[in-house]
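Structure data follow from start_20.txt (compact mmCIF, C-alpha atoms and all ligand atoms):
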# COMPACT_ATOMS: atom_id res chain seq x y z
CA MET A 1176 0.00 0.00 0.00
CA LYS A 1177 1.40 3.38 -1.01
CA LEU A 1178 -0.19 6.15 1.03
CA LEU A 1179 -0.05 9.90 0.48
CA ILE A 1180 -0.38 11.87 3.73
CA THR A 1181 -0.85 15.60 3.19
CA GLY A 1182 -0.01 18.03 5.99
CA GLY A 1183 2.26 15.46 7.63
CA LEU A 1184 4.57 18.08 9.15
CA GLY A 1185 1.67 19.35 11.26
CA PHE A 1186 0.47 18.17 14.65
CA ILE A 1187 -1.94 15.35 13.74
CA GLY A 1188 -0.35 14.51 10.37
CA SER A 1189 3.08 13.90 11.93
CA ASN A 1190 1.54 11.68 14.62
CA PHE A 1191 -0.34 9.85 11.85
CA CYS A 1192 2.87 9.26 9.79
CA ARG A 1193 4.44 7.69 12.91
CA HIS A 1194 1.28 5.66 13.62
CA ILE A 1195 1.22 4.20 10.09
CA LEU A 1196 4.93 3.37 9.99
CA THR A 1197 4.68 1.66 13.38
CA LYS A 1198 1.42 -0.27 12.97
CA TYR A 1199 1.39 -1.04 9.23
CA PRO A 1200 4.67 -2.68 8.14
CA ASP A 1201 3.42 -3.08 4.54
CA TYR A 1202 2.68 0.64 4.03
CA GLU A 1203 4.98 3.14 2.35
CA ILE A 1204 4.16 6.79 2.85
CA ILE A 1205 4.73 10.04 1.05
CA ASN A 1206 4.35 13.07 3.30
CA LEU A 1207 3.43 16.15 1.23
CA ASP A 1208 3.48 19.40 3.16
CA LYS A 1209 4.05 23.00 2.09
CA MET A 1210 5.94 23.72 5.34
CA GLY A 1211 3.37 26.36 6.23
CA ILE A 1212 2.61 28.09 9.48
CA GLY A 1213 1.36 24.98 11.35
CA SER A 1214 4.32 22.80 10.37
CA ASN A 1215 7.36 21.77 12.35
CA PRO A 1216 9.97 19.58 10.59
CA ALA A 1217 11.26 18.52 14.03
CA SER A 1218 8.02 16.53 14.42
CA VAL A 1219 9.16 13.93 11.86
CA GLN A 1220 12.93 14.05 12.33
CA ASP A 1221 12.90 10.50 13.75
CA LEU A 1222 11.21 9.20 10.56
CA GLU A 1223 13.65 10.62 8.02
CA ASP A 1224 15.88 7.52 7.81
CA ASN A 1225 12.96 5.12 7.42
CA SER A 1226 13.06 3.59 3.92
CA ARG A 1227 9.23 3.50 3.86
CA TYR A 1228 9.00 7.29 4.40
CA ARG A 1229 9.50 10.06 1.83
CA PHE A 1230 8.92 13.79 2.25
CA ILE A 1231 7.93 16.15 -0.56
CA LYS A 1232 7.79 19.88 0.07
CA GLY A 1233 4.73 21.04 -1.84
CA ASP A 1234 1.33 22.68 -1.79
CA ILE A 1235 -1.89 20.68 -2.29
CA CYS A 1236 -3.09 23.61 -4.44
CA ASN A 1237 -0.26 22.90 -6.92
CA ILE A 1238 -2.24 20.99 -9.57
CA PRO A 1239 0.66 19.46 -11.59
CA LEU A 1240 2.42 18.32 -8.40
CA LEU A 1241 -0.79 16.80 -7.01
CA HIS A 1242 -1.52 14.96 -10.24
CA LYS A 1243 2.01 13.54 -10.39
CA THR A 1244 1.94 12.45 -6.74
CA ILE A 1245 -1.57 10.95 -6.82
CA SER A 1246 -0.58 8.82 -9.81
CA GLN A 1247 2.04 7.12 -7.55
CA VAL A 1248 -0.22 6.08 -4.65
CA ASP A 1249 -3.11 3.78 -3.69
CA ALA A 1250 -4.63 6.03 -1.03
CA VAL A 1251 -4.56 9.57 0.32
CA VAL A 1252 -5.37 11.03 3.72
CA ASN A 1253 -5.83 14.79 3.52
CA PHE A 1254 -4.78 16.49 6.76
CA ALA A 1255 -3.35 19.60 5.05
CA ALA A 1256 -5.16 22.70 6.23
CA GLU A 1257 -4.86 26.05 7.90
CA THR A 1258 -6.19 25.25 11.36
CA HIS A 1259 -6.14 28.18 13.75
CA VAL A 1260 -9.60 29.70 14.21
CA ASP A 1261 -8.14 32.99 15.42
CA ARG A 1262 -6.09 33.39 12.25
CA SER A 1263 -9.14 32.54 10.11
CA ILE A 1264 -10.93 35.53 11.62
CA SER A 1265 -8.11 37.91 10.68
CA ASP A 1266 -7.29 36.24 7.32
CA PRO A 1267 -10.23 34.21 5.91
CA TYR A 1268 -8.84 34.10 2.34
CA THR A 1269 -5.95 31.84 3.30
CA PHE A 1270 -8.43 29.36 4.77
CA VAL A 1271 -10.63 29.27 1.66
CA GLN A 1272 -7.49 28.78 -0.46
CA ASN A 1273 -5.82 25.98 1.52
CA ASN A 1274 -8.79 24.20 3.06
CA THR A 1275 -11.50 24.45 0.41
CA ILE A 1276 -9.62 24.89 -2.87
CA GLY A 1277 -6.81 22.65 -1.57
CA THR A 1278 -9.25 19.80 -0.85
CA TYR A 1279 -10.98 20.33 -4.20
CA THR A 1280 -7.54 20.01 -5.87
CA VAL A 1281 -6.84 16.69 -4.14
CA LEU A 1282 -10.31 15.35 -5.05
CA ASP A 1283 -9.95 16.44 -8.64
CA ALA A 1284 -6.48 14.88 -8.97
CA VAL A 1285 -7.98 11.57 -7.79
CA ARG A 1286 -10.87 11.95 -10.26
CA LYS A 1287 -8.55 12.59 -13.17
CA HIS A 1288 -5.86 10.01 -12.36
CA ASN A 1289 -7.30 7.01 -10.65
CA LEU A 1290 -10.83 6.64 -9.32
CA HIS A 1291 -9.68 3.57 -7.35
CA VAL A 1292 -7.51 5.69 -5.06
CA ARG A 1293 -9.00 5.49 -1.56
CA MET A 1294 -9.31 8.87 0.17
CA VAL A 1295 -10.02 10.09 3.69
CA GLN A 1296 -10.84 13.75 4.14
CA VAL A 1297 -9.94 14.78 7.71
CA SER A 1298 -12.56 17.23 8.92
CA THR A 1299 -13.64 18.61 12.27
CA ASP A 1300 -16.51 18.75 14.77
CA GLU A 1301 -16.45 22.52 14.27
CA VAL A 1302 -18.40 22.18 11.01
CA TYR A 1303 -21.53 21.46 13.12
CA GLY A 1304 -21.24 24.70 15.10
CA THR A 1305 -22.46 25.01 18.69
CA ALA A 1306 -24.17 21.98 20.26
CA VAL A 1307 -26.94 23.63 22.26
CA GLU A 1308 -28.07 20.31 23.70
CA GLY A 1309 -27.30 16.66 23.04
CA SER A 1310 -24.53 15.53 20.66
CA PHE A 1311 -24.31 15.88 16.89
CA THR A 1312 -24.65 12.79 14.73
CA GLU A 1313 -23.44 12.53 11.13
CA ARG A 1314 -26.99 13.30 9.96
CA ASP A 1315 -26.93 16.81 11.45
CA PRO A 1316 -26.31 19.56 8.87
CA PRO A 1317 -23.18 21.74 8.91
CA ASN A 1318 -23.71 25.08 10.64
CA PRO A 1319 -20.25 26.67 10.83
CA SER A 1320 -19.63 29.75 12.98
CA ASN A 1321 -16.26 31.03 11.77
CA PRO A 1322 -14.21 31.14 8.54
CA TYR A 1323 -12.13 28.10 9.55
CA SER A 1324 -15.15 25.85 10.10
CA ALA A 1325 -16.86 27.27 6.99
CA SER A 1326 -13.81 26.41 4.87
CA LYS A 1327 -13.75 22.86 6.30
CA ALA A 1328 -17.51 22.41 5.81
CA SER A 1329 -17.12 23.53 2.18
CA ALA A 1330 -14.34 20.98 1.70
CA ASP A 1331 -16.65 18.28 3.12
CA MET A 1332 -19.36 19.29 0.65
CA PHE A 1333 -16.93 18.88 -2.26
CA ALA A 1334 -15.88 15.45 -0.97
CA LEU A 1335 -19.51 14.28 -0.75
CA ALA A 1336 -20.34 15.77 -4.15
CA TYR A 1337 -17.31 14.06 -5.75
CA HIS A 1338 -18.49 10.75 -4.33
CA LYS A 1339 -22.02 11.25 -5.67
CA THR A 1340 -21.00 12.66 -9.06
CA TYR A 1341 -17.83 10.70 -9.89
CA LYS A 1342 -18.09 7.73 -7.44
CA LEU A 1343 -14.88 8.76 -5.70
CA ASN A 1344 -13.97 6.33 -2.91
CA VAL A 1345 -13.84 9.04 -0.25
CA SER A 1346 -14.92 9.06 3.42
CA ILE A 1347 -14.90 11.96 5.86
CA THR A 1348 -13.83 11.97 9.52
CA ARG A 1349 -15.01 14.70 11.88
CA CYS A 1350 -13.05 14.74 15.09
CA THR A 1351 -13.22 16.78 18.27
CA ASN A 1352 -10.37 18.95 19.67
CA ASN A 1353 -7.08 17.06 19.67
CA PHE A 1354 -4.22 17.29 22.14
CA GLY A 1355 -0.92 15.46 22.63
CA ALA A 1356 2.74 15.62 21.65
CA HIS A 1357 3.93 17.84 18.75
CA GLN A 1358 1.13 20.45 18.86
CA LEU A 1359 2.37 23.99 18.31
CA PRO A 1360 1.92 26.52 21.15
CA GLU A 1361 -0.91 28.49 19.54
CA LYS A 1362 -3.59 26.01 20.76
CA LEU A 1363 -5.09 25.98 24.30
CA ILE A 1364 -3.35 22.99 25.91
CA PRO A 1365 0.25 23.57 24.75
CA LYS A 1366 -0.14 27.33 25.20
CA THR A 1367 -1.26 26.81 28.80
CA ILE A 1368 1.54 24.33 29.58
CA ILE A 1369 4.26 26.54 28.08
CA ARG A 1370 3.09 29.81 29.61
CA ALA A 1371 2.71 28.10 33.00
CA LEU A 1372 6.24 26.67 32.74
CA LYS A 1373 7.46 30.23 32.10
CA ASN A 1374 5.28 31.66 34.92
CA LEU A 1375 3.44 33.86 32.38
CA SER A 1376 -0.26 34.73 32.68
CA ILE A 1377 -2.59 32.17 31.04
CA PRO A 1378 -5.14 33.87 28.74
CA VAL A 1379 -8.58 32.24 28.87
CA TYR A 1380 -11.28 33.44 26.46
CA GLY A 1381 -14.46 34.96 27.93
CA THR A 1382 -15.33 33.40 31.29
CA GLY A 1383 -13.71 30.07 30.45
CA THR A 1384 -17.06 28.28 30.29
CA ASN A 1385 -16.92 27.31 26.60
CA ILE A 1386 -16.99 23.51 26.37
CA ARG A 1387 -14.73 21.42 24.14
CA ASP A 1388 -14.70 17.65 23.70
CA TRP A 1389 -11.07 16.45 23.99
CA MET A 1390 -9.40 13.69 21.98
CA TYR A 1391 -5.91 12.26 22.51
CA VAL A 1392 -4.13 12.54 19.15
CA GLN A 1393 -3.02 8.88 19.17
CA ASP A 1394 -6.63 7.73 19.46
CA HIS A 1395 -7.57 10.07 16.60
CA CYS A 1396 -4.82 8.54 14.43
CA ALA A 1397 -6.22 5.05 15.08
CA ALA A 1398 -9.70 6.28 14.13
CA VAL A 1399 -8.48 7.75 10.82
CA ALA A 1400 -6.63 4.50 10.06
CA ALA A 1401 -9.81 2.51 10.80
CA VAL A 1402 -11.82 4.71 8.41
CA LEU A 1403 -9.08 4.44 5.77
CA GLU A 1404 -9.19 0.63 5.96
CA LYS A 1405 -12.84 -0.11 6.64
CA GLY A 1406 -14.90 3.06 6.11
CA GLU A 1407 -17.55 3.19 3.42
CA ALA A 1408 -17.32 5.58 0.48
CA GLY A 1409 -19.53 8.65 0.77
CA GLU A 1410 -19.90 8.23 4.55
CA ILE A 1411 -19.04 10.62 7.39
CA TYR A 1412 -17.64 9.28 10.69
CA ASN A 1413 -17.69 11.39 13.86
CA VAL A 1414 -14.70 10.80 16.15
CA SER A 1415 -15.08 11.53 19.87
CA ALA A 1416 -13.79 10.15 23.15
CA ASP A 1417 -16.65 11.79 25.14
CA ASN A 1418 -14.32 14.01 27.16
CA GLU A 1419 -16.28 17.24 27.46
CA ALA A 1420 -14.76 19.91 29.70
CA THR A 1421 -14.86 23.68 30.01
CA ASN A 1422 -11.71 25.53 29.01
CA ILE A 1423 -11.21 26.74 32.58
CA GLU A 1424 -11.36 23.14 33.88
CA ILE A 1425 -8.63 22.14 31.41
CA VAL A 1426 -6.42 25.08 32.39
CA LYS A 1427 -6.85 24.35 36.12
CA ARG A 1428 -5.99 20.66 35.63
CA ILE A 1429 -2.79 21.59 33.80
CA LEU A 1430 -1.79 24.09 36.49
CA ALA A 1431 -2.39 21.41 39.14
CA LEU A 1432 -0.25 18.87 37.22
CA LEU A 1433 2.57 21.44 37.01
CA GLY A 1434 2.16 22.64 40.61
CA LYS A 1435 1.51 26.22 39.43
CA PRO A 1436 -0.90 28.74 41.05
CA GLU A 1437 -4.36 29.47 39.60
CA ASP A 1438 -3.75 33.21 39.88
CA LEU A 1439 -1.78 32.93 36.61
CA ILE A 1440 -5.19 32.74 34.86
CA THR A 1441 -6.27 35.95 33.08
CA PHE A 1442 -9.65 36.20 31.37
CA VAL A 1443 -9.46 37.93 27.97
CA GLU A 1444 -12.10 39.06 25.48
CA ASP A 1445 -13.61 36.09 23.62
CA ARG A 1446 -13.42 35.70 19.83
CA PRO A 1447 -16.32 37.03 17.81
CA GLY A 1448 -18.90 34.28 17.12
CA PRO A 1449 -17.56 31.80 19.67
CA ASP A 1450 -18.96 28.26 19.74
CA ILE A 1451 -20.23 27.63 23.26
CA ARG A 1452 -20.07 23.84 23.19
CA TYR A 1453 -18.90 21.07 20.88
CA SER A 1454 -20.23 17.56 21.33
CA LEU A 1455 -20.28 14.55 19.02
CA ASP A 1456 -21.98 11.18 18.99
CA SER A 1457 -19.39 8.72 17.62
CA SER A 1458 -21.45 5.52 17.89
CA LYS A 1459 -21.36 4.97 14.10
CA LEU A 1460 -17.55 4.71 14.12
CA ARG A 1461 -17.56 2.58 17.29
CA PHE A 1462 -20.26 0.12 16.24
CA GLN A 1463 -19.63 -0.12 12.51
CA LEU A 1464 -15.82 0.01 12.43
CA GLY A 1465 -14.96 -1.23 15.95
CA TRP A 1466 -12.90 1.81 17.01
CA LYS A 1467 -12.75 3.04 20.58
CA PRO A 1468 -10.37 5.35 22.43
CA GLU A 1469 -7.60 3.46 24.23
CA VAL A 1470 -6.12 6.11 26.54
CA SER A 1471 -8.05 7.76 29.40
CA PHE A 1472 -8.26 11.55 29.37
CA GLU A 1473 -6.35 11.79 32.68
CA ASP A 1474 -3.45 9.60 31.45
CA ALA A 1475 -3.34 11.40 28.10
CA LEU A 1476 -3.22 14.86 29.70
CA GLU A 1477 -0.51 13.78 32.13
CA ALA A 1478 1.55 12.26 29.28
CA THR A 1479 1.12 15.44 27.23
CA VAL A 1480 2.24 17.74 30.06
CA LYS A 1481 5.27 15.48 30.67
CA TRP A 1482 6.14 15.55 26.95
CA TYR A 1483 6.16 19.38 26.86
CA VAL A 1484 8.25 19.56 30.02
CA GLU A 1485 10.83 17.19 28.46
CA ASN A 1486 10.80 18.57 24.88
CA GLU A 1487 11.48 22.28 25.09
CA LYS A 1488 13.67 22.07 21.99
CA PHE A 1489 10.55 21.18 19.95
CA TRP A 1490 8.46 24.17 20.99
CA ALA A 1491 11.02 26.83 21.98
CA PRO A 1492 11.49 28.21 18.41
CA TYR A 1493 7.72 28.79 18.15
CA ALA A 1494 7.00 29.99 21.65
CA THR A 1495 7.56 33.68 21.20
CA ARG A 1496 5.63 33.86 17.92
CA ASP A 1497 2.55 32.07 19.13
CA ILE A 1498 2.11 32.31 22.84
CA LEU A 1499 2.59 35.97 23.53
CA SER A 1500 -0.56 37.27 21.87
CA PRO A 1501 -3.65 36.64 24.01
CA ALA A 1502 -6.15 37.42 21.23
CA PRO A 1503 -4.51 36.97 17.80
CA TRP A 1504 -7.81 37.41 15.94
CA LYS A 1505 -7.48 41.14 16.59
CA THR A 1506 -4.59 41.41 14.11
CA SER A 1507 -6.36 41.80 10.78
CA VAL A 1508 -4.69 40.90 7.48
CA ALA A 1509 -5.27 43.41 4.66
CA ARG A 1510 -5.98 42.10 1.13
N1 LIG A 1601 -6.16 20.02 15.84
C1 LIG A 1601 -7.40 19.62 16.06
O1 LIG A 1601 -7.88 19.69 17.20
C2 LIG A 1601 -8.25 19.07 14.95
C3 LIG A 1601 -9.48 18.48 15.26
C4 LIG A 1601 -10.25 17.93 14.22
C5 LIG A 1601 -9.78 18.00 12.92
N2 LIG A 1601 -8.60 18.60 12.64
C6 LIG A 1601 -8.15 18.62 11.24
O2 LIG A 1601 -6.98 17.82 11.17
C7 LIG A 1601 -6.09 18.34 10.18
C8 LIG A 1601 -4.72 18.56 10.80
O3 LIG A 1601 -4.84 19.46 11.90
P1 LIG A 1601 -3.54 19.87 12.75
O4 LIG A 1601 -4.02 20.33 14.05
O5 LIG A 1601 -2.53 18.80 12.66
O6 LIG A 1601 -3.03 21.12 11.91
P2 LIG A 1601 -1.61 21.84 11.90
O7 LIG A 1601 -1.89 23.27 11.71
O8 LIG A 1601 -0.79 21.40 13.06
O9 LIG A 1601 -0.92 21.23 10.58
C9 LIG A 1601 -1.42 21.46 9.30
C10 LIG A 1601 -0.32 21.12 8.30
O10 LIG A 1601 -0.86 21.28 6.98
C11 LIG A 1601 0.12 21.92 6.18
N3 LIG A 1601 -0.58 22.62 5.10
C12 LIG A 1601 -1.48 23.64 5.21
N4 LIG A 1601 -1.91 24.02 4.00
C13 LIG A 1601 -1.26 23.23 3.10
C14 LIG A 1601 -1.27 23.15 1.70
N5 LIG A 1601 -2.02 23.98 0.95
N6 LIG A 1601 -0.49 22.22 1.09
C15 LIG A 1601 0.31 21.39 1.83
N7 LIG A 1601 0.37 21.45 3.18
C16 LIG A 1601 -0.40 22.35 3.80
C17 LIG A 1601 0.86 22.87 7.12
O11 LIG A 1601 2.14 23.21 6.60
C18 LIG A 1601 0.91 22.02 8.39
O12 LIG A 1601 2.09 21.23 8.43
C19 LIG A 1601 -6.74 19.62 9.64
O13 LIG A 1601 -7.39 19.32 8.44
C20 LIG A 1601 -7.75 19.99 10.72
O14 LIG A 1601 -8.86 20.68 10.17
C21 LIG A 1601 -7.82 19.14 13.62

Now, as a test, write the supplied structure out as structure tokens.
Amino acid sequence: MKLLITGGLGFIGSNFCRHILTKYPDYEIINLDKMGIGSNPASVQDLEDNSRYRFIKGDICNIPLLHKTISQVDAVVNFAAETHVDRSISDPYTFVQNNTIGTYTVLDAVRKHNLHVRMVQVSTDEVYGTAVEGSFTERDPPNPSNPYSASKASADMFALAYHKTYKLNVSITRCTNNFGAHQLPEKLIPKTIIRALKNLSIPVYGTGTNIRDWMYVQDHCAAVAAVLEKGEAGEIYNVSADNEATNIEIVKRILALLGKPEDLITFVEDRPGPDIRYSLDSSKLRFQLGWKPEVSFEDALEATVKWYVENEKFWAPYATRDILSPAPWKTSVAR
């Protein structure tokens, strides 16, 4: 099996490259990544000497490159995306370009080169918007609240349309908020750990009562692999470990694990259009494909905090850029 992984220098993509090389001895992978803002080459340094791993620096919007690469593989998992909601508020164009047009380009390369190529489009729970009550199933319609989730929902629509129109063998995963090793400091959990380690104030949006549903990245990788192997074409699979918590609860747990005082917490103005709660029902994935999370939330959070404490060389080059601005969505990008 020759597998193309796009966005494999990013947080989840790099964990997924490692997951595949470890668990699937017959797979060879090509990691195609443009080395954009969410990437960190240090995340895959340990894979570089593996004869089953090859890296190509490139953009999924580059049509000739995509066509050439797709013609060499049996399957593609599309992780490549701009992912920071705050940046999507200040610079929506970049999100339409990379997330929507980028996904269209991958789908169209598959259509033109080999309709037998298996594809997984990695999407997000954010496409459903706020869960006022209960948990979203795959039958609920997209209702995105910000440019990031709108760009991902649009990409999902193209994937479903390409299945219906051209019979592309594509499935979609929609996962909740990930955490774990190799996440850059712009996101809540690494930002909190790093700022706490440096005794800096911890910015928490609004009153900290927004609820997210947390997923250990290794369990997410196993879910994507299960969908790649056993998922049905044209189907969506929600991925959740049922770990709902308010942001303030998460921050307090991290401070407790690090032995740091809660008075580091500073409440800052929330983003415009915040989603109050995300919640997914993942029974379809669990019952139909036999996936379940393997690591408890407590163990995963502890392992993640320990990893950041021991791996400063991974995050130090990014720390000043990403952690010092409490509300990056305020910096607008002119076009
Ligand atoms: N992080 C989460 O909590 C989460 C949850 C659910 C779904 N997702 C989805 O999972 C995927 C990966 O998320 P992540 O957190 O690892 O993101 P990330 O920002 O850490 O990494 C994204 C990677 O994609 C690359 N990339 C971006 N645009 C590209 C392009 N046009 N061509 C080639 N490479 C490009 C970047 O260089 C980067 O290495 C995304 O599609 C995201 O929407 C993320």

_Given 7 Å and all atoms listed in the file, residues near ligand LIG 1601 (chain A) as a PyMOL selection string_ = chain A and resi 1181-1188+1207-1215+1233-1236+1253-1259+1273-1274+1277+1297-1300+1327+1349-1354+1358-1359

_Need to verify the contact set: region 1406-1423 of chain A, 8 Å, all atoms listed in the file, exclusion of same-chain residues closer than 4 positions in sequence. Can you return it as number ranges by chain?_
A: 1300, 1312-1313, 1334-1335, 1338-1339, 1343-1351, 1379, 1382-1390, 1395, 1398, 1401-1402, 1427, 1454-1457, 1459-1460, 1464, 1467-1468, 1472

For Ala1494 (chain A), work out the shell of residues within 12 Å, counting all atoms listed in the file and skipping chain neighbours fewer than 2 positions away, then give it as a PDB file with C-alpha atoms, keeping the file's coordinate frame.
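Contents of out.pdb, freshly written:
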ATOM      1  CA  GLN A1358       1.130  20.450  18.860  1.00  0.00           C
ATOM      2  CA  LEU A1359       2.370  23.990  18.310  1.00  0.00           C
ATOM      3  CA  PRO A1360       1.920  26.520  21.150  1.00  0.00           C
ATOM      4  CA  GLU A1361      -0.910  28.490  19.540  1.00  0.00           C
ATOM      5  CA  LYS A1362      -3.590  26.010  20.760  1.00  0.00           C
ATOM      6  CA  PRO A1365       0.250  23.570  24.750  1.00  0.00           C
ATOM      7  CA  LYS A1366      -0.140  27.330  25.200  1.00  0.00           C
ATOM      8  CA  THR A1367      -1.260  26.810  28.800  1.00  0.00           C
ATOM      9  CA  ILE A1368       1.540  24.330  29.580  1.00  0.00           C
ATOM     10  CA  ILE A1369       4.260  26.540  28.080  1.00  0.00           C
ATOM     11  CA  ARG A1370       3.090  29.810  29.610  1.00  0.00           C
ATOM     12  CA  LEU A1372       6.240  26.670  32.740  1.00  0.00           C
ATOM     13  CA  LYS A1373       7.460  30.230  32.100  1.00  0.00           C
ATOM     14  CA  LEU A1375       3.440  33.860  32.380  1.00  0.00           C
ATOM     15  CA  TYR A1483       6.160  19.380  26.860  1.00  0.00           C
ATOM     16  CA  GLU A1487      11.480  22.280  25.090  1.00  0.00           C
ATOM     17  CA  LYS A1488      13.670  22.070  21.990  1.00  0.00           C
ATOM     18  CA  PHE A1489      10.550  21.180  19.950  1.00  0.00           C
ATOM     19  CA  TRP A1490       8.460  24.170  20.990  1.00  0.00           C
ATOM     20  CA  ALA A1491      11.020  26.830  21.980  1.00  0.00           C
ATOM     21  CA  PRO A1492      11.490  28.210  18.410  1.00  0.00           C
ATOM     22  CA  ARG A1496       5.630  33.860  17.920  1.00  0.00           C
ATOM     23  CA  ASP A1497       2.550  32.070  19.130  1.00  0.00           C
ATOM     24  CA  ILE A1498       2.110  32.310  22.840  1.00  0.00           C
ATOM     25  CA  LEU A1499       2.590  35.970  23.530  1.00  0.00           C
ATOM     26  CA  SER A1500      -0.560  37.270  21.870  1.00  0.00           C
TER      27      SER A1500
END

_Contact residues around Ile1195 (chain A) with all atoms listed in the file at 12 Å, ignoring same-chain residues under 6 positions, as a ChimeraX atom specification_ = /A:1176-1180,1183,1188-1189,1201-1206,1222,1227-1228,1252,1393,1396-1401,1403-1404

*If you measure from CA of Gly1304 (chain A) to CA of Asn1321 (chain A), what distance in Å do you get, rounded to one decimal?*
8.7 Å

_If I take CA of Asp1249 (chain A) and CA of Gln1272 (chain A), how far is one from the other in Å, to one decimal?_
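Separation of CA of Asp1249 (chain A) and CA of Gln1272 (chain A): 25.6 Å.
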
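The shortest atom-to-atom distance to Ser1329 (chain A), with only C-alpha atoms taken into account, belongs to A:Phe1270 out of A:Tyr1453, A:Phe1270, A:Tyr1391, A:Tyr1380.
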
Exercise on region 1338-1354 of chain A, axis-aligned box with 3 Å per side, report centre and edge lengths in Å to one decimal, as lines of an AutoDock Vina configuration file:
center_x = -13.1
center_y = 12.6
center_z = 6.1
size_x = 23.8
size_y = 18.6
size_z = 38.0

*Between CA of Glu1424 (chain A) and CA of Val1443 (chain A), measure the distance and give it in Å to one decimal.*
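Computed distance, CA of Glu1424 (chain A) to CA of Val1443 (chain A), equals 16.0 Å.
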
*May I have the residues within 6 Å of Tyr1323 (chain A) as a PyMOL selection string, using all atoms listed in the file and disregarding those fewer than 2 positions away in the same chain?*
chain A and resi 1260+1263+1321+1325-1326

*Go through A:Gln1220, A:Ser1226, A:Thr1280, A:Thr1305 and flag the residue nearest Ile1245 (chain A), using all atoms listed in the file for the distances.*
A:Thr1280

For Thr1479 (chain A), find every residue with an atom within 7 Å (counting all atoms listed in the file), except residues of its own chain fewer than 3 positions away, and show them as a tab-separated table (two decimals) with C-alpha atoms, in the frame of the given file.
chain	number	residue	atom	x	y	z
A	1355	GLY	CA	-0.92	15.46	22.63
A	1356	ALA	CA	2.74	15.62	21.65
A	1475	ALA	CA	-3.34	11.40	28.10
A	1476	LEU	CA	-3.22	14.86	29.70
A	1482	TRP	CA	6.14	15.55	26.95
A	1483	TYR	CA	6.16	19.38	26.86

*A:Ala1336, A:Asn1190, A:Ile1276, A:Ser1310 ranked by distance to Asn1237 (chain A), top pick (using all atoms listed in the file)*: A:Ile1276
